[in-house]
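*Asks:* My structure is in coords.cif, and what it holds is mmCIF, C-alpha atoms:
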```cif
data_start
loop_
_atom_site.label_atom_id
_atom_site.label_comp_id
_atom_site.auth_asym_id
_atom_site.auth_seq_id
_atom_site.Cartn_x
_atom_site.Cartn_y
_atom_site.Cartn_z
CA MET Y 86 -31.20 49.12 12.21
CA PRO Y 87 -28.33 47.16 10.58
CA VAL Y 88 -30.05 43.88 11.52
CA LEU Y 89 -33.26 45.04 9.85
CA TYR Y 90 -31.31 46.09 6.75
CA ARG Y 91 -29.54 42.71 6.54
CA THR Y 92 -32.81 40.87 7.07
CA CYS Y 93 -34.59 42.84 4.36
CA THR Y 94 -31.66 42.45 1.99
CA ALA Y 95 -31.54 38.69 2.60
CA ALA Y 96 -35.31 38.40 2.06
CA LEU Y 97 -35.12 40.38 -1.19
CA PHE Y 98 -32.23 38.24 -2.41
CA CYS Y 99 -34.13 35.04 -1.62
CA ALA Y 100 -37.22 36.35 -3.42
CA LEU Y 101 -35.18 37.23 -6.52
CA VAL Y 102 -33.47 33.83 -6.53
CA ALA Y 103 -36.82 32.06 -6.13
CA THR Y 104 -38.29 34.07 -8.99
CA ALA Y 105 -35.30 33.33 -11.22
CA LEU Y 106 -35.50 29.62 -10.42
CA ALA Y 107 -39.23 29.55 -11.18
CA VAL Y 108 -38.69 30.76 -14.75
CA ASP Y 109 -38.23 28.01 -17.33
CA VAL Y 110 -35.20 29.24 -19.26
CA SER Y 111 -35.51 26.31 -21.65
CA LYS Y 112 -38.21 28.43 -23.33
CA LEU Y 113 -35.66 31.09 -24.30
CA PRO Y 114 -34.68 31.31 -27.93
CA PRO Y 115 -31.05 30.27 -28.40
CA PRO Y 116 -28.37 32.96 -28.72
CA ALA Y 117 -27.73 34.14 -32.27
CA LYS Y 118 -24.66 32.65 -33.93
CA MET Y 119 -23.49 36.08 -35.09
CA GLN Y 120 -20.07 37.06 -33.72
CA GLY Y 121 -18.87 40.56 -32.83
CA VAL Y 122 -22.27 41.83 -31.67
CA THR Y 123 -21.99 45.38 -30.31
CA TYR Y 124 -24.38 47.62 -28.44
CA ALA Y 125 -23.99 50.56 -30.82
CA LYS Y 126 -24.41 48.65 -34.07
CA ASP Y 127 -26.77 45.80 -33.18
CA ILE Y 128 -28.48 46.24 -29.81
CA ARG Y 129 -29.23 49.95 -29.45
CA PRO Y 130 -31.57 50.03 -32.48
CA ILE Y 131 -33.62 47.15 -31.01
CA LEU Y 132 -33.85 48.76 -27.58
CA GLU Y 133 -34.55 52.19 -29.08
CA ALA Y 134 -37.60 50.90 -30.94
CA ALA Y 135 -39.03 48.88 -28.06
CA CYS Y 136 -37.68 50.23 -24.77
CA PHE Y 137 -36.52 53.85 -24.84
CA ARG Y 138 -40.02 55.20 -24.39
CA CYS Y 139 -39.90 54.05 -20.76
CA HIS Y 140 -36.19 53.29 -20.24
CA GLY Y 141 -34.45 55.98 -22.28
CA ASN Y 142 -33.23 59.53 -21.69
CA ILE Y 143 -36.40 60.67 -19.94
CA GLU Y 144 -36.96 62.51 -16.67
CA ARG Y 145 -37.87 59.43 -14.64
CA PRO Y 146 -37.10 56.14 -16.39
CA LYS Y 147 -39.24 53.25 -15.14
CA ALA Y 148 -37.57 51.38 -12.26
CA GLY Y 149 -34.58 53.69 -12.70
CA LEU Y 150 -33.47 51.56 -15.66
CA ARG Y 151 -31.75 53.31 -18.55
CA LEU Y 152 -31.21 51.24 -21.68
CA ASP Y 153 -29.97 54.05 -23.92
CA SER Y 154 -26.29 53.38 -23.18
CA VAL Y 155 -24.10 50.39 -22.37
CA GLU Y 156 -23.33 52.00 -19.02
CA GLY Y 157 -27.03 52.31 -18.20
CA VAL Y 158 -27.73 48.72 -19.17
CA LEU Y 159 -24.85 47.43 -17.06
CA LYS Y 160 -25.76 49.67 -14.11
CA GLY Y 161 -29.22 48.09 -13.97
CA SER Y 162 -32.35 49.26 -12.20
CA LYS Y 163 -33.43 50.15 -8.69
CA GLU Y 164 -33.85 46.41 -8.13
CA GLY Y 165 -30.31 45.62 -9.27
CA GLN Y 166 -28.41 44.21 -12.20
CA VAL Y 167 -30.44 43.32 -15.33
CA VAL Y 168 -27.55 41.94 -17.40
CA VAL Y 169 -25.05 39.34 -16.27
CA PRO Y 170 -22.25 39.64 -18.85
CA ARG Y 171 -21.42 36.28 -20.46
CA ASN Y 172 -24.56 34.68 -18.95
CA SER Y 173 -27.72 35.65 -20.80
CA GLU Y 174 -29.80 32.92 -19.15
CA LYS Y 175 -29.38 34.69 -15.80
CA SER Y 176 -29.96 38.18 -17.20
CA GLN Y 177 -33.29 39.71 -16.20
CA LEU Y 178 -33.28 41.76 -19.41
CA ILE Y 179 -33.53 38.52 -21.40
CA ILE Y 180 -36.19 36.99 -19.15
CA SER Y 181 -38.29 40.17 -19.44
CA ALA Y 182 -37.74 40.75 -23.17
CA SER Y 183 -38.52 37.11 -24.02
CA ARG Y 184 -41.77 37.36 -22.04
CA ILE Y 185 -41.37 33.85 -20.56
CA ASP Y 186 -42.24 35.23 -17.10
CA PRO Y 187 -45.64 36.97 -17.10
CA GLU Y 188 -44.71 38.91 -13.95
CA THR Y 189 -41.74 40.69 -15.58
CA ALA Y 190 -42.69 40.58 -19.29
CA MET Y 191 -41.68 43.68 -21.24
CA PRO Y 192 -43.18 45.62 -22.72
CA PRO Y 193 -46.03 45.18 -20.25
CA LYS Y 194 -49.50 44.49 -21.53
CA PRO Y 195 -51.62 47.68 -21.65
CA HIS Y 196 -54.03 48.15 -18.79
CA SER Y 197 -57.66 48.21 -19.83
CA GLY Y 198 -60.79 49.42 -18.15
CA ALA Y 199 -58.98 51.64 -15.67
CA LYS Y 200 -60.28 55.07 -14.77
CA GLY Y 201 -58.67 57.91 -16.64
CA GLY Y 202 -58.22 56.24 -20.01
CA ALA Y 203 -56.57 53.16 -21.38
CA ALA Y 204 -53.36 53.64 -19.46
CA GLY Y 205 -55.14 54.53 -16.23
CA SER Y 206 -52.20 56.61 -15.08
CA ARG Y 207 -51.92 59.91 -13.32
CA GLY Y 208 -50.45 62.57 -15.56
CA ALA Y 209 -49.00 62.03 -18.98
CA SER Y 210 -48.17 58.53 -20.06
CA PRO Y 211 -44.94 57.83 -21.91
CA ASN Y 212 -47.20 56.60 -24.72
CA GLN Y 213 -49.21 59.81 -24.82
CA ALA Y 214 -48.68 61.96 -27.88
CA PRO Y 215 -49.23 65.72 -27.93
CA GLY Y 216 -52.95 66.45 -27.89
CA GLY Y 217 -53.71 63.56 -25.52
CA GLN Y 218 -53.80 60.77 -28.11
CA MET Y 219 -52.09 57.54 -27.20
CA ASP Y 220 -49.22 56.24 -29.31
CA PRO Y 221 -49.49 52.52 -29.98
CA PRO Y 222 -47.58 50.53 -27.38
CA PRO Y 223 -44.25 49.08 -28.46
CA LYS Y 224 -44.37 45.57 -29.84
CA PRO Y 225 -42.65 42.77 -27.93
CA LEU Y 226 -39.26 41.74 -29.24
CA THR Y 227 -39.16 38.92 -31.75
CA ALA Y 228 -37.36 35.65 -31.01
CA GLU Y 229 -34.60 36.78 -33.41
CA GLN Y 230 -34.14 40.05 -31.51
CA VAL Y 231 -33.99 38.24 -28.15
CA SER Y 232 -31.45 35.83 -29.70
CA LEU Y 233 -29.29 38.78 -30.75
CA LEU Y 234 -29.55 40.29 -27.24
CA ARG Y 235 -28.50 36.93 -25.82
CA ALA Y 236 -25.50 36.76 -28.17
CA TRP Y 237 -24.46 40.29 -27.14
CA ILE Y 238 -24.65 39.43 -23.44
CA ASP Y 239 -22.92 36.06 -23.89
CA GLN Y 240 -20.12 37.82 -25.80
CA GLY Y 241 -19.51 40.15 -22.85
CA ALA Y 242 -22.12 42.94 -23.31
CA LYS Y 243 -19.73 45.44 -24.90
#
```
Could I get this file's structure written as structure tokens?
*Replies:*
Amino acid sequence: MPVLYRTCTAALFCALVATALAVDVSKLPPPAKMQGVTYAKDIRPILEAACFRCHGNIERPKAGLRLDSVEGVLKGSKEGQVVVPRNSEKSQLIISASRIDPETAMPPKPHSGAKGGAAGSRGASPNQAPGGQMDPPPKPLTAEQVSLLRAWIDQGAK
């Protein structure tokens, strides 16, 4: 069993490294020049508007990722760390939020044509309002917002 675990872990690590290397980080917007960026003042409002619906204080956050606290962001998801403090280029949160990798782009594009409505999900969707109507999906972050996220991470993600 330990050999299988090590083999699977090594394979997963190699897959993650290959994915990270395949992404062209030169397409990222540069970090904002603003100094003293903090989660509470600058980052939480951005994440609250775009991410908390799926990654906030809900019963089952997607991928186990909670973005509603610094601790949650730094803990990461079921797949591992999403922020590498002081290295935004290697932070999956930045890759996903900037949408330069179609496989991990956040927020994801809505599914269309699936059975059971636009979301095609079983049960209530995080975008479903009372009465069964769908809330509009969150808009992707702007280049300026991604730049601010990058500055926060590059300054230590505090």
*Asks:* Distance CA of Tyr124 in chain Y-CA of Thr227 in chain Y, one decimal place?
*Replies:*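 We find that CA of Tyr124 in chain Y and CA of Thr227 in chain Y lie 17.5 Å from each other.
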*Asks:* Take the PyMOL selection byres ((chain Y and resi 149-164) around 12), run it mentally on this structure, and tell me the resulting residues as a count of residues only.
*Replies:* 46
*Asks:* To verify the selection step, state as a PyMOL selection string which residues the PyMOL selection byres ((chain Y and resi 183-195) around 8) yields on this input.
*Replies:* chain Y and resi 108-110+112-114+135-136+179-182+196-197+203-204+222-228+231
*Asks:* To one decimal place, how far is CA of Asp220 in chain Y from CA of Leu233 in chain Y in Å?
*Replies:*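 Separating CA of Asp220 in chain Y from CA of Leu233 in chain Y is a distance of 26.5 Å.
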*Asks:* Rounded to one decimal, what separation in Å do you get between CA of Lys175 in chain Y and CA of Arg235 in chain Y?
*Replies:*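 That distance, rounded to one decimal, is 10.3 Å.
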*Asks:* Please rebuild range 121-156 of chain Y with N, CA and C atoms and return the result as a PDB file, in the coordinates of the input.
*Replies:*
```
ATOM      1  N   GLY Y 121     -19.204  39.144 -32.813  1.00  0.00           N
ATOM      2  CA  GLY Y 121     -18.870  40.560 -32.830  1.00  0.00           C
ATOM      3  C   GLY Y 121     -20.075  41.473 -32.639  1.00  0.00           C
ATOM      4  N   VAL Y 122     -21.080  41.018 -31.906  1.00  0.00           N
ATOM      5  CA  VAL Y 122     -22.270  41.830 -31.670  1.00  0.00           C
ATOM      6  C   VAL Y 122     -21.900  42.988 -30.743  1.00  0.00           C
ATOM      7  N   THR Y 123     -22.282  44.207 -31.140  1.00  0.00           N
ATOM      8  CA  THR Y 123     -21.990  45.380 -30.310  1.00  0.00           C
ATOM      9  C   THR Y 123     -23.290  46.106 -29.967  1.00  0.00           C
ATOM     10  N   TYR Y 124     -23.223  46.835 -28.856  1.00  0.00           N
ATOM     11  CA  TYR Y 124     -24.380  47.620 -28.440  1.00  0.00           C
ATOM     12  C   TYR Y 124     -24.724  48.657 -29.502  1.00  0.00           C
ATOM     13  N   ALA Y 125     -23.735  49.447 -29.901  1.00  0.00           N
ATOM     14  CA  ALA Y 125     -23.990  50.560 -30.820  1.00  0.00           C
ATOM     15  C   ALA Y 125     -24.571  50.109 -32.156  1.00  0.00           C
ATOM     16  N   LYS Y 126     -24.014  49.068 -32.723  1.00  0.00           N
ATOM     17  CA  LYS Y 126     -24.410  48.650 -34.070  1.00  0.00           C
ATOM     18  C   LYS Y 126     -25.651  47.760 -34.063  1.00  0.00           C
ATOM     19  N   ASP Y 127     -25.745  46.839 -33.116  1.00  0.00           N
ATOM     20  CA  ASP Y 127     -26.770  45.800 -33.180  1.00  0.00           C
ATOM     21  C   ASP Y 127     -27.875  45.906 -32.135  1.00  0.00           C
ATOM     22  N   ILE Y 128     -27.530  46.302 -30.924  1.00  0.00           N
ATOM     23  CA  ILE Y 128     -28.480  46.240 -29.810  1.00  0.00           C
ATOM     24  C   ILE Y 128     -29.240  47.542 -29.600  1.00  0.00           C
ATOM     25  N   ARG Y 129     -28.563  48.662 -29.689  1.00  0.00           N
ATOM     26  CA  ARG Y 129     -29.230  49.950 -29.450  1.00  0.00           C
ATOM     27  C   ARG Y 129     -30.456  50.140 -30.347  1.00  0.00           C
ATOM     28  N   PRO Y 130     -30.382  49.840 -31.643  1.00  0.00           N
ATOM     29  CA  PRO Y 130     -31.570  50.030 -32.480  1.00  0.00           C
ATOM     30  C   PRO Y 130     -32.776  49.196 -32.012  1.00  0.00           C
ATOM     31  N   ILE Y 131     -32.530  47.997 -31.520  1.00  0.00           N
ATOM     32  CA  ILE Y 131     -33.620  47.150 -31.010  1.00  0.00           C
ATOM     33  C   ILE Y 131     -34.233  47.786 -29.771  1.00  0.00           C
ATOM     34  N   LEU Y 132     -33.369  48.168 -28.833  1.00  0.00           N
ATOM     35  CA  LEU Y 132     -33.850  48.760 -27.580  1.00  0.00           C
ATOM     36  C   LEU Y 132     -34.506  50.115 -27.823  1.00  0.00           C
ATOM     37  N   GLU Y 133     -33.976  50.873 -28.772  1.00  0.00           N
ATOM     38  CA  GLU Y 133     -34.550  52.190 -29.080  1.00  0.00           C
ATOM     39  C   GLU Y 133     -36.000  52.051 -29.550  1.00  0.00           C
ATOM     40  N   ALA Y 134     -36.256  51.085 -30.406  1.00  0.00           N
ATOM     41  CA  ALA Y 134     -37.600  50.900 -30.940  1.00  0.00           C
ATOM     42  C   ALA Y 134     -38.578  50.388 -29.896  1.00  0.00           C
ATOM     43  N   ALA Y 135     -38.103  49.548 -28.977  1.00  0.00           N
ATOM     44  CA  ALA Y 135     -39.030  48.880 -28.060  1.00  0.00           C
ATOM     45  C   ALA Y 135     -38.982  49.377 -26.620  1.00  0.00           C
ATOM     46  N   CYS Y 136     -37.871  49.994 -26.201  1.00  0.00           N
ATOM     47  CA  CYS Y 136     -37.680  50.230 -24.770  1.00  0.00           C
ATOM     48  C   CYS Y 136     -37.440  51.678 -24.341  1.00  0.00           C
ATOM     49  N   PHE Y 137     -36.916  52.504 -25.246  1.00  0.00           N
ATOM     50  CA  PHE Y 137     -36.520  53.850 -24.840  1.00  0.00           C
ATOM     51  C   PHE Y 137     -37.665  54.714 -24.362  1.00  0.00           C
ATOM     52  N   ARG Y 138     -38.863  54.411 -24.797  1.00  0.00           N
ATOM     53  CA  ARG Y 138     -40.020  55.200 -24.390  1.00  0.00           C
ATOM     54  C   ARG Y 138     -40.132  55.234 -22.866  1.00  0.00           C
ATOM     55  N   CYS Y 139     -39.820  54.133 -22.220  1.00  0.00           N
ATOM     56  CA  CYS Y 139     -39.900  54.050 -20.760  1.00  0.00           C
ATOM     57  C   CYS Y 139     -38.527  53.958 -20.088  1.00  0.00           C
ATOM     58  N   HIS Y 140     -37.509  53.521 -20.826  1.00  0.00           N
ATOM     59  CA  HIS Y 140     -36.190  53.290 -20.240  1.00  0.00           C
ATOM     60  C   HIS Y 140     -35.087  54.024 -21.010  1.00  0.00           C
ATOM     61  N   GLY Y 141     -35.426  55.197 -21.535  1.00  0.00           N
ATOM     62  CA  GLY Y 141     -34.450  55.980 -22.280  1.00  0.00           C
ATOM     63  C   GLY Y 141     -34.074  57.245 -21.520  1.00  0.00           C
ATOM     64  N   ASN Y 142     -33.645  58.251 -22.260  1.00  0.00           N
ATOM     65  CA  ASN Y 142     -33.230  59.530 -21.690  1.00  0.00           C
ATOM     66  C   ASN Y 142     -34.475  60.363 -21.392  1.00  0.00           C
ATOM     67  N   ILE Y 143     -35.200  59.958 -20.363  1.00  0.00           N
ATOM     68  CA  ILE Y 143     -36.400  60.670 -19.940  1.00  0.00           C
ATOM     69  C   ILE Y 143     -36.235  61.082 -18.490  1.00  0.00           C
ATOM     70  N   GLU Y 144     -37.097  61.970 -18.020  1.00  0.00           N
ATOM     71  CA  GLU Y 144     -36.960  62.510 -16.670  1.00  0.00           C
ATOM     72  C   GLU Y 144     -36.904  61.428 -15.594  1.00  0.00           C
ATOM     73  N   ARG Y 145     -37.827  60.492 -15.650  1.00  0.00           N
ATOM     74  CA  ARG Y 145     -37.870  59.430 -14.640  1.00  0.00           C
ATOM     75  C   ARG Y 145     -38.060  58.070 -15.324  1.00  0.00           C
ATOM     76  N   PRO Y 146     -36.961  57.443 -15.738  1.00  0.00           N
ATOM     77  CA  PRO Y 146     -37.100  56.140 -16.390  1.00  0.00           C
ATOM     78  C   PRO Y 146     -37.707  55.119 -15.429  1.00  0.00           C
ATOM     79  N   LYS Y 147     -38.570  54.264 -15.955  1.00  0.00           N
ATOM     80  CA  LYS Y 147     -39.240  53.250 -15.140  1.00  0.00           C
ATOM     81  C   LYS Y 147     -38.197  52.396 -14.422  1.00  0.00           C
ATOM     82  N   ALA Y 148     -38.436  52.188 -13.127  1.00  0.00           N
ATOM     83  CA  ALA Y 148     -37.570  51.380 -12.260  1.00  0.00           C
ATOM     84  C   ALA Y 148     -36.132  51.901 -12.222  1.00  0.00           C
ATOM     85  N   GLY Y 149     -35.920  53.128 -12.684  1.00  0.00           N
ATOM     86  CA  GLY Y 149     -34.580  53.690 -12.700  1.00  0.00           C
ATOM     87  C   GLY Y 149     -33.669  53.042 -13.728  1.00  0.00           C
ATOM     88  N   LEU Y 150     -34.252  52.303 -14.666  1.00  0.00           N
ATOM     89  CA  LEU Y 150     -33.470  51.560 -15.660  1.00  0.00           C
ATOM     90  C   LEU Y 150     -33.315  52.364 -16.935  1.00  0.00           C
ATOM     91  N   ARG Y 151     -32.059  52.629 -17.298  1.00  0.00           N
ATOM     92  CA  ARG Y 151     -31.750  53.310 -18.550  1.00  0.00           C
ATOM     93  C   ARG Y 151     -31.117  52.307 -19.500  1.00  0.00           C
ATOM     94  N   LEU Y 152     -31.727  52.178 -20.678  1.00  0.00           N
ATOM     95  CA  LEU Y 152     -31.210  51.240 -21.680  1.00  0.00           C
ATOM     96  C   LEU Y 152     -30.626  51.959 -22.886  1.00  0.00           C
ATOM     97  N   ASP Y 153     -30.448  53.274 -22.788  1.00  0.00           N
ATOM     98  CA  ASP Y 153     -29.970  54.050 -23.920  1.00  0.00           C
ATOM     99  C   ASP Y 153     -28.445  54.175 -23.973  1.00  0.00           C
ATOM    100  N   SER Y 154     -27.749  53.439 -23.111  1.00  0.00           N
ATOM    101  CA  SER Y 154     -26.290  53.380 -23.180  1.00  0.00           C
ATOM    102  C   SER Y 154     -25.830  52.060 -22.560  1.00  0.00           C
ATOM    103  N   VAL Y 155     -24.649  51.613 -22.948  1.00  0.00           N
ATOM    104  CA  VAL Y 155     -24.100  50.390 -22.370  1.00  0.00           C
ATOM    105  C   VAL Y 155     -23.962  50.565 -20.860  1.00  0.00           C
ATOM    106  N   GLU Y 156     -23.511  51.740 -20.447  1.00  0.00           N
ATOM    107  CA  GLU Y 156     -23.330  52.000 -19.020  1.00  0.00           C
ATOM    108  C   GLU Y 156     -24.647  51.879 -18.259  1.00  0.00           C
TER     109      GLU Y 156
END
```
